[in-house]
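See below for structure-v5.cif, which holds mmCIF, C-alpha atoms.
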data_query
#
loop_
_atom_site.label_atom_id
_atom_site.label_comp_id
_atom_site.auth_asym_id
_atom_site.auth_seq_id
_atom_site.Cartn_x
_atom_site.Cartn_y
_atom_site.Cartn_z
CA MET A 991 11.68 -27.45 3.27
CA GLU A 992 8.95 -25.17 4.40
CA ARG A 993 6.60 -24.11 1.65
CA VAL A 994 5.73 -20.54 0.84
CA ARG A 995 2.18 -19.67 1.84
CA TRP A 996 0.20 -17.83 -0.76
CA VAL A 997 -2.91 -15.75 -0.76
CA PHE A 998 -5.10 -16.52 -3.77
CA LEU A 999 -7.87 -14.37 -5.15
CA ALA A 1000 -10.43 -16.17 -7.29
CA TYR A 1001 -12.62 -13.70 -9.10
CA ARG A 1002 -14.98 -13.20 -11.97
CA LEU A 1003 -16.28 -9.89 -13.26
CA PRO A 1004 -19.09 -9.29 -15.73
CA ARG A 1005 -17.75 -8.72 -19.25
CA GLU A 1006 -19.57 -5.40 -19.44
CA PRO A 1007 -19.06 -2.70 -18.28
CA SER A 1008 -15.36 -3.00 -18.93
CA THR A 1009 -14.21 -0.17 -16.63
CA PRO A 1010 -14.26 -2.22 -13.39
CA ARG A 1011 -12.42 -5.04 -15.15
CA ILE A 1012 -9.69 -2.65 -16.23
CA THR A 1013 -9.49 -0.95 -12.81
CA VAL A 1014 -9.22 -4.27 -11.00
CA TRP A 1015 -6.60 -5.59 -13.40
CA ARG A 1016 -4.56 -2.42 -13.07
CA LYS A 1017 -4.61 -2.71 -9.28
CA LEU A 1018 -3.63 -6.37 -9.42
CA ARG A 1019 -0.74 -5.55 -11.72
CA ARG A 1020 0.51 -2.86 -9.40
CA LEU A 1021 0.51 -5.40 -6.56
CA GLY A 1022 2.56 -7.68 -8.78
CA VAL A 1023 0.26 -10.71 -8.72
CA VAL A 1024 1.04 -13.87 -10.62
CA GLN A 1025 -1.85 -15.14 -12.69
CA VAL A 1026 -2.28 -18.87 -12.14
CA VAL A 1027 -5.16 -19.29 -14.57
CA ASP A 1028 -7.76 -16.88 -15.85
CA GLY A 1029 -9.53 -15.41 -12.80
CA LEU A 1030 -7.07 -16.80 -10.25
CA VAL A 1031 -4.18 -14.67 -9.06
CA ALA A 1032 -1.73 -15.15 -6.22
CA LEU A 1033 0.79 -13.33 -4.06
CA PRO A 1034 3.08 -14.62 -1.31
CA LEU A 1035 1.13 -14.29 1.94
CA ASP A 1036 1.88 -11.48 4.34
CA ALA A 1037 -0.30 -9.02 6.26
CA ARG A 1038 -0.08 -6.48 3.46
CA THR A 1039 -0.71 -8.72 0.45
CA ARG A 1040 -3.66 -10.36 2.16
CA GLU A 1041 -5.22 -7.04 3.05
CA GLN A 1042 -4.71 -5.58 -0.38
CA LEU A 1043 -6.28 -8.57 -2.08
CA GLU A 1044 -9.16 -8.39 0.39
CA TRP A 1045 -9.95 -4.86 -0.74
CA ILE A 1046 -9.84 -5.92 -4.36
CA ALA A 1047 -12.11 -8.90 -3.59
CA ASP A 1048 -14.64 -6.42 -2.18
CA GLU A 1049 -14.26 -4.17 -5.19
CA VAL A 1050 -15.09 -7.12 -7.45
CA LEU A 1051 -18.24 -7.82 -5.40
CA ASP A 1052 -19.24 -4.14 -5.53
CA ALA A 1053 -18.93 -4.29 -9.31
CA GLY A 1054 -21.39 -7.17 -9.46
CA GLY A 1055 -18.79 -9.91 -9.76
CA GLU A 1056 -17.85 -12.90 -7.64
CA SER A 1057 -14.71 -13.31 -5.57
CA SER A 1058 -13.21 -15.37 -2.81
CA LEU A 1059 -9.91 -15.30 -1.01
CA TRP A 1060 -7.87 -18.37 -0.12
CA ILE A 1061 -4.69 -19.06 1.77
CA ALA A 1062 -2.83 -22.06 0.44
CA GLU A 1063 0.51 -23.62 -0.36
CA ALA A 1064 1.54 -25.46 -3.49
CA ALA A 1065 1.23 -29.23 -3.22
CA SER A 1066 4.60 -29.70 -4.90
CA ALA A 1067 7.89 -27.83 -4.77
CA ARG A 1068 7.85 -27.60 -8.55
CA VAL A 1069 4.60 -25.60 -8.67
CA GLU A 1070 5.92 -23.33 -5.96
CA ARG A 1071 9.16 -22.77 -7.89
CA GLU A 1072 7.21 -21.98 -11.04
CA LEU A 1073 5.03 -19.39 -9.32
CA ALA A 1074 8.06 -17.78 -7.71
CA ALA A 1075 9.93 -17.83 -11.03
CA GLN A 1076 7.04 -16.13 -12.81
CA LEU A 1077 6.98 -13.39 -10.19
CA ALA A 1078 10.74 -12.95 -10.35
CA ALA A 1079 10.74 -12.84 -14.16
CA ALA A 1080 8.10 -10.11 -14.21
CA VAL A 1081 10.04 -7.81 -11.89
CA ALA A 1082 13.33 -8.71 -13.58
CA ALA A 1083 11.95 -7.30 -16.83
CA GLU A 1084 11.05 -4.09 -15.03
CA TYR A 1085 14.54 -3.84 -13.52
CA VAL A 1086 16.08 -4.36 -16.96
CA ALA A 1087 14.08 -1.40 -18.26
CA VAL A 1088 15.59 0.70 -15.44
CA ILE A 1089 19.11 -0.48 -16.30
CA VAL A 1090 18.61 0.38 -19.97
CA ALA A 1091 17.25 3.83 -19.09
CA ALA A 1092 20.17 4.50 -16.71
CA GLN A 1093 22.69 3.55 -19.39
CA ALA A 1094 20.91 5.62 -22.01
CA ALA A 1095 21.04 8.65 -19.71
CA ALA A 1096 24.85 8.57 -19.54
CA GLY A 1097 25.22 10.77 -22.63
CA GLU A 1098 22.65 13.35 -21.60
CA SER A 1099 23.13 16.83 -20.14
CA VAL A 1100 23.63 17.17 -16.38
CA THR A 1101 20.15 18.64 -15.86
CA HIS A 1102 18.60 15.86 -17.85
CA ARG A 1103 20.58 13.20 -16.03
CA ARG A 1104 19.57 14.60 -12.66
CA ARG A 1105 15.91 14.36 -13.63
CA THR A 1106 16.39 10.84 -14.95
CA LEU A 1107 18.15 9.84 -11.74
CA ALA A 1108 15.23 11.00 -9.56
CA LYS A 1109 12.77 9.27 -11.83
CA LEU A 1110 14.68 5.98 -11.87
CA ARG A 1111 15.16 5.95 -8.09
CA ARG A 1112 11.38 6.27 -7.70
CA GLU A 1113 10.88 3.55 -10.27
CA VAL A 1114 13.17 1.17 -8.37
CA HIS A 1115 11.14 1.81 -5.19
CA ARG A 1116 7.95 1.08 -7.09
CA ILE A 1117 9.30 -2.21 -8.41
CA ARG A 1118 10.65 -3.18 -4.97
CA ALA A 1119 7.16 -2.96 -3.53
CA ARG A 1120 6.17 -5.95 -5.67
CA ASP A 1121 9.49 -7.77 -5.63
CA PHE A 1122 8.95 -10.84 -3.44
CA PHE A 1123 11.73 -13.05 -4.83
CA PRO A 1124 14.46 -10.58 -5.83
CA PRO A 1125 16.17 -11.63 -9.08
CA PRO A 1126 19.83 -10.71 -9.78
CA GLU A 1127 18.56 -7.79 -11.89
CA SER A 1128 17.41 -6.12 -8.66
CA GLU A 1129 20.97 -5.39 -7.50
CA LEU A 1130 22.10 -4.58 -11.04
CA ALA A 1131 19.36 -1.97 -11.36
CA VAL A 1132 20.34 -0.34 -8.08
CA ALA A 1133 23.98 -0.36 -9.19
CA ALA A 1134 23.09 1.22 -12.56
CA VAL A 1135 21.03 3.98 -10.94
CA GLU A 1136 23.59 4.70 -8.24
CA GLY A 1137 26.26 4.68 -10.94
CA LEU A 1138 24.37 7.51 -12.57
CA ALA A 1139 24.31 9.30 -9.21
CA ALA A 1140 28.06 8.82 -8.72
CA ALA A 1141 28.81 10.20 -12.20
CA LEU A 1142 26.71 13.29 -11.42
CA GLU A 1143 28.46 13.71 -8.10
CA ALA A 1144 31.80 13.70 -9.94
CA VAL A 1145 30.60 16.38 -12.37
CA SER A 1146 29.29 18.74 -9.69
CA GLY A 1147 32.39 18.06 -7.58
CA MET B 1060 -19.20 4.17 21.61
CA ARG B 1061 -17.43 0.99 20.61
CA TRP B 1062 -15.53 0.72 17.37
CA ALA B 1063 -14.22 -2.48 15.87
CA THR B 1064 -11.44 -3.17 13.42
CA ARG B 1065 -8.97 -5.84 12.46
CA ARG B 1066 -6.10 -6.71 14.72
CA HIS B 1067 -2.55 -5.58 13.81
CA CYS B 1068 -3.12 -2.03 12.79
CA HIS B 1069 -1.21 -0.56 9.90
CA VAL B 1070 -1.19 3.01 8.68
CA ASP B 1071 -4.76 3.36 7.38
CA ARG B 1072 -6.30 1.63 10.39
CA ALA B 1073 -4.13 3.57 12.83
CA ALA B 1074 -5.04 6.85 11.10
CA CYS B 1075 -8.75 5.97 11.29
CA ALA B 1076 -8.53 5.16 15.00
CA TRP B 1077 -6.77 8.47 15.58
CA LEU B 1078 -9.45 10.30 13.60
CA ILE B 1079 -12.24 8.62 15.56
CA SER B 1080 -10.81 9.48 18.95
CA ARG B 1081 -9.78 13.02 18.01
CA ARG B 1082 -12.73 14.12 15.87
CA VAL B 1083 -15.64 11.74 16.01
CA ASP B 1084 -15.98 10.20 19.46
CA SER B 1085 -13.90 11.38 22.40
CA ASP B 1086 -15.05 8.36 24.44
CA ALA B 1087 -14.17 5.87 21.73
CA ALA B 1088 -13.32 2.35 22.83
CA PHE B 1089 -11.72 0.00 20.32
CA VAL B 1090 -12.24 -3.71 19.84
CA PHE B 1091 -9.78 -5.66 17.73
CA VAL B 1092 -10.94 -8.78 15.92
CA ASP B 1093 -9.49 -11.40 13.59
CA ASP B 1094 -12.59 -11.94 11.51
CA PRO B 1095 -15.49 -9.68 10.47
CA ASP B 1096 -17.88 -12.18 12.12
CA GLU B 1097 -16.37 -11.35 15.52
CA VAL B 1098 -17.45 -7.71 15.47
CA PRO B 1099 -19.70 -7.14 18.52
CA GLN B 1100 -23.27 -6.08 17.73
CA ASP B 1101 -22.94 -2.71 19.40
CA ALA B 1102 -19.64 -1.80 17.74
CA THR B 1103 -19.16 0.20 14.52
CA PRO B 1104 -16.70 -1.61 12.24
CA PHE B 1105 -14.09 0.31 10.26
CA ASP B 1106 -11.27 -0.53 7.87
CA MET B 1107 -12.58 -4.07 7.42
CA ARG B 1108 -13.96 -5.93 4.44
CA GLY B 1109 -17.56 -5.35 3.51
CA VAL B 1110 -18.19 -2.38 5.81
CA GLU B 1111 -19.23 1.16 5.01
CA LEU B 1112 -16.14 2.70 6.65
CA GLY B 1113 -13.66 0.82 4.50
CA HIS B 1114 -11.97 1.14 1.12
CA HIS B 1115 -14.34 2.21 -1.60
CA GLY B 1116 -13.32 2.75 -5.19
CA ASP B 1117 -10.02 4.60 -5.04
CA ARG B 1118 -10.47 5.74 -1.46
CA CYS B 1119 -8.70 4.29 1.53
CA SER B 1120 -10.66 3.99 4.79
CA PHE B 1121 -9.33 7.28 6.18
CA GLU B 1122 -10.66 9.16 3.14
CA THR B 1123 -13.97 7.28 3.33
CA MET B 1124 -14.29 8.33 6.98
CA LEU B 1125 -13.57 11.99 6.30
CA ALA B 1126 -16.28 12.02 3.65
CA HIS B 1127 -18.69 9.95 5.74
CA PHE B 1128 -18.48 12.20 8.79
CA GLY B 1129 -18.45 15.36 6.68
CA LEU B 1130 -15.06 16.44 8.03
CA ASP B 1131 -13.96 19.20 5.69
CA ASP B 1132 -10.93 20.43 7.65
CA PRO B 1133 -8.36 20.93 4.86
CA VAL B 1134 -5.57 19.79 7.19
CA LEU B 1135 -7.27 16.41 7.56
CA TRP B 1136 -7.56 16.11 3.79
CA ASP B 1137 -3.89 16.95 3.51
CA LEU B 1138 -3.19 14.10 5.95
CA ALA B 1139 -5.47 11.92 3.84
CA ARG B 1140 -3.14 12.46 0.89
CA ILE B 1141 -0.24 11.06 2.95
CA VAL B 1142 -2.25 8.19 4.46
CA HIS B 1143 -3.60 7.22 1.03
CA GLU B 1144 -0.13 6.97 -0.49
CA ALA B 1145 1.34 5.22 2.58
CA ASP B 1146 -1.46 2.66 2.37
CA LEU B 1147 -1.95 2.23 -1.35
CA GLY B 1148 1.08 3.78 -3.05
CA ASP B 1149 -0.91 4.23 -6.25
CA GLU B 1150 0.61 7.67 -6.94
CA ARG B 1151 -2.73 9.34 -7.09
CA PHE B 1152 -1.21 12.04 -4.90
CA ASP B 1153 2.19 13.58 -4.52
CA ALA B 1154 3.11 12.56 -0.97
CA PRO B 1155 6.82 12.10 -0.38
CA GLU B 1156 6.07 11.80 3.37
CA ALA B 1157 4.14 8.59 2.73
CA VAL B 1158 7.14 6.29 2.30
CA GLY B 1159 8.52 7.30 5.69
CA LEU B 1160 5.16 7.04 7.43
CA ASP B 1161 4.61 3.56 6.00
CA VAL B 1162 7.99 2.35 7.20
CA ILE B 1163 7.52 3.87 10.67
CA CYS B 1164 4.11 2.26 11.10
CA ARG B 1165 5.42 -1.10 9.90
CA GLY B 1166 8.33 -0.94 12.30
CA LEU B 1167 6.08 0.02 15.21
CA SER B 1168 3.75 -2.88 14.51
CA MET B 1169 6.78 -5.18 14.76
CA ILE B 1170 7.61 -4.05 18.29
CA HIS B 1171 4.01 -3.63 19.55
CA ASP B 1172 1.98 -6.80 19.41
CA VAL B 1173 -0.86 -5.24 21.39
CA ASP B 1174 -2.86 -2.83 19.25
CA GLU B 1175 -3.74 -0.54 22.17
CA ALA B 1176 -0.05 0.06 22.80
CA LEU B 1177 0.60 0.57 19.08
CA LEU B 1178 -2.22 3.09 18.74
CA ALA B 1179 -0.93 5.07 21.75
CA VAL B 1180 2.25 5.68 19.74
CA THR B 1181 0.61 6.22 16.34
CA ASP B 1182 -1.89 8.69 17.89
CA SER B 1183 1.06 10.80 18.89
CA ILE B 1184 2.58 10.50 15.41
CA PHE B 1185 -0.66 11.64 13.78
CA ASP B 1186 -1.00 14.51 16.28
CA GLY B 1187 2.45 15.67 15.23
CA LEU B 1188 1.79 15.16 11.55
CA TYR B 1189 -1.46 17.07 11.85
CA GLU B 1190 0.28 20.01 13.54
CA HIS B 1191 3.03 20.00 10.93
CA ARG B 1192 0.56 20.08 8.06
CA ARG B 1193 -1.64 22.66 9.83
CA ARG B 1194 1.28 25.07 10.14
CA GLY B 1195 2.39 24.19 6.63
CA LEU B 1196 -0.98 25.09 5.17
CA LEU B 1197 -1.08 28.36 7.14
CA LEU B 1198 2.40 29.35 6.05
CA GLY B 1199 2.04 28.11 2.50
CA ARG B 1200 5.38 26.33 2.87
CA ASP B 1201 6.91 23.66 5.07
CA PRO B 1202 7.29 24.94 8.63
CA ALA B 1203 10.76 24.81 10.17
#

If you took the structure in this file and wrote it as structure tokens, what would it be?
Amino acid sequence: MERVRWVFLAYRLPREPSTPRITVWRKLRRLGVVQVVDGLVALPLDARTREQLEWIADEVLDAGGESSLWIAEAASARVERELAAQLAAAVAAEYVAVIVAAQAAAGESVTHRRRTLAKLRREVHRIRARDFFPPPESELAVAAVEGLAAALEAVSG
Amino acid sequence: MRWATRRHCHVDRAACAWLISRRVDSDAAFVFVDDPDEVPQDATPFDMRGVELGHHGDRCSFETMLAHFGLDDPVLWDLARIVHEADLGDERFDAPEAVGLDVICRGLSMIHDVDEALLAVTDSIFDGLYEHRRRGLLLGRDPA
């Protein structure tokens, strides 16, 4: 079976000041990286993930840190599965939060539900952008949000 | 002048190339490379790692270029809002157009393997987007 190719960012930032550390970590989280060990994060390789990690690698250098970018595959299927499972678990948790919010909105007023619907649809898009190995929760979240939409449709006729 | 950037242009790179040819250098010629080391000596690199005209802090390359060349046309900065969100999606700006622009650019890069051909299409897209935003800013609402 063909292995997934990954782009790895190895980086180290000075402990102080802490602002660049926080900024970099926030950006990495938004990209949905999996942390392999401290200072080594990975994403499945594609043109976008590579480019985005390249910019972060530069940002680390600008902040006085060290960074390097690597393209690699896991030496064993097990390691690959574990990385993929970690990524999937992280987005699954985010999808579950969407499902819970959609269910909680069911008892709210129409105005409130409409606002929640728009918010949750955006949230699903945001999660999708970092969903490389869609877990079952992905479809469930879409179903929960669109269920909310269908219920609203029924109310407004 | 010669300008160099990475092969396989996406939204930020395509927007920068459009900006260069429309506002900075009407005789611009582009060179596309795979690695920063391949940038010819006489070419100005943009939207690549480690260059001045790239991402800096929270800015994408298009925003860096506007600031660098002192382009204060508000329409261009309105486009920058869209390009920033299409490229980074960090929700720094409210840009509902960004999702569509991102998808269109991605799709175009799938059917155009040659960057020159891709940029010919994206130039036209940015011309249209510019005109739309220019009229929008004049009217104070979205033009029909």

Contact check, chain B to chain A, at most 8 Å, counting all atoms listed in the file, closest pairs as JSON lines:
{"residue": "B:Arg1108", "atom": "CA", "partner": "A:Trp1045", "partner_atom": "CA", "distance": 6.6}
{"residue": "B:Gly1109", "atom": "CA", "partner": "A:Asp1048", "partner_atom": "CA", "distance": 6.5}
{"residue": "B:His1114", "atom": "CA", "partner": "A:Trp1045", "partner_atom": "CA", "distance": 6.6}
{"residue": "B:His1115", "atom": "CA", "partner": "A:Glu1049", "partner_atom": "CA", "distance": 7.3}
{"residue": "B:Gly1116", "atom": "CA", "partner": "A:Glu1049", "partner_atom": "CA", "distance": 7.0}
{"residue": "B:Asp1149", "atom": "CA", "partner": "A:Arg1020", "partner_atom": "CA", "distance": 7.9}

Padding of 4 Å on every side, edges along x, y and z, all listed atoms of range 1048-1054 of chain A included: what centre and edge lengths in Å, to one decimal, does that box have, as lines of an AutoDock Vina configuration file?
center_x = -17.8
center_y = -6.0
center_z = -5.8
size_x = 15.1
size_y = 11.7
size_z = 15.3

Neighbours of point (6.3, 2.1, 15.1) within 10 Å, using only C-alpha atoms, written as a PyMOL selection string: chain B and resi 1069-1070+1160-1171+1177-1178+1180-1181+1184

Apply the PyMOL selection byres ((chain B and resi 1186-1192) around 8) to the displayed file and report the matching residues as a list in words. Val1134, Leu1135, Asp1137, Leu1138, Asp1182, Ser1183, Ile1184, Phe1185, Arg1193, Arg1194, Gly1195, Leu1196, Asp1201 and Pro1202 of chain B

(6.8, -19.0, 0.2) in this file's frame - what residues fall within 7 Å of it? Use all atoms listed in the file and give the answer as a count of residues only. 5

Starting from the PyMOL selection byres ((chain B and resi 1150) around 12), expand the selection into actual residues of this file and give them as a list in words. Lys1017, Arg1020, Arg1112, Glu1113 and Arg1116 of chain A; Asp1117, Arg1140, Ile1141, Val1142, His1143, Glu1144, Ala1145, Asp1146, Leu1147, Gly1148, Asp1149, Arg1151, Phe1152, Asp1153, Ala1154, Pro1155, Ala1157 and Val1158 of chain B

From the list A:Ala1067, A:Ala1032, A:Leu1142, A:Leu1003, the nearest residue to Glu1098 in chain A using all atoms listed in the file is A:Leu1142

Just how far from CA of Val1027 in chain A is CA of Pro1126 in chain A, in Å to one decimal? 26.9 Å

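In terms of minimum interatomic distance to Phe998 in chain A, A:Leu1043 ranks closest within A:Leu1043, A:Lys1109, A:Arg1103, A:Asp1028, counting all atoms listed in the file.
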
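Computed from the coordinates, the CA of Ala1126 in chain B to CA of Ser1080 in chain B distance equals 16.4 Å.
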
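Reported to one decimal place, the separation of CA of Ala1139 in chain A from CA of Ala1082 in chain A is 21.5 Å.
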
Under the PyMOL selection byres ((chain B and resi 1091) around 12), which residues of this model are included? Write them out as a CSV table (one decimal) with C-alpha atoms, in the frame of the given file.
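File selection17.csv, as written:
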chain,number,residue,atom,x,y,z
B,1061,ARG,CA,-17.4,1.0,20.6
B,1062,TRP,CA,-15.5,0.7,17.4
B,1063,ALA,CA,-14.2,-2.5,15.9
B,1064,THR,CA,-11.4,-3.2,13.4
B,1065,ARG,CA,-9.0,-5.8,12.5
B,1066,ARG,CA,-6.1,-6.7,14.7
B,1067,HIS,CA,-2.6,-5.6,13.8
B,1068,CYS,CA,-3.1,-2.0,12.8
B,1072,ARG,CA,-6.3,1.6,10.4
B,1073,ALA,CA,-4.1,3.6,12.8
B,1076,ALA,CA,-8.5,5.2,15.0
B,1088,ALA,CA,-13.3,2.4,22.8
B,1089,PHE,CA,-11.7,0.0,20.3
B,1090,VAL,CA,-12.2,-3.7,19.8
B,1092,VAL,CA,-10.9,-8.8,15.9
B,1093,ASP,CA,-9.5,-11.4,13.6
B,1094,ASP,CA,-12.6,-11.9,11.5
B,1095,PRO,CA,-15.5,-9.7,10.5
B,1096,ASP,CA,-17.9,-12.2,12.1
B,1097,GLU,CA,-16.4,-11.4,15.5
B,1098,VAL,CA,-17.4,-7.7,15.5
B,1099,PRO,CA,-19.7,-7.1,18.5
B,1102,ALA,CA,-19.6,-1.8,17.7
B,1103,THR,CA,-19.2,0.2,14.5
B,1104,PRO,CA,-16.7,-1.6,12.2
B,1105,PHE,CA,-14.1,0.3,10.3
B,1106,ASP,CA,-11.3,-0.5,7.9
B,1107,MET,CA,-12.6,-4.1,7.4
B,1172,ASP,CA,2.0,-6.8,19.4
B,1173,VAL,CA,-0.9,-5.2,21.4
B,1174,ASP,CA,-2.9,-2.8,19.2
B,1175,GLU,CA,-3.7,-0.5,22.2
B,1178,LEU,CA,-2.2,3.1,18.7

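Residue neighbourhood of Leu999 in chain A, excluding near-sequence residues (fewer than 5 positions): Leu1030, Val1031, Ala1032, Leu1043, Ser1057, Ser1058, Leu1059 and Trp1060 of chain A, at 7 Å, using all atoms listed in the file.
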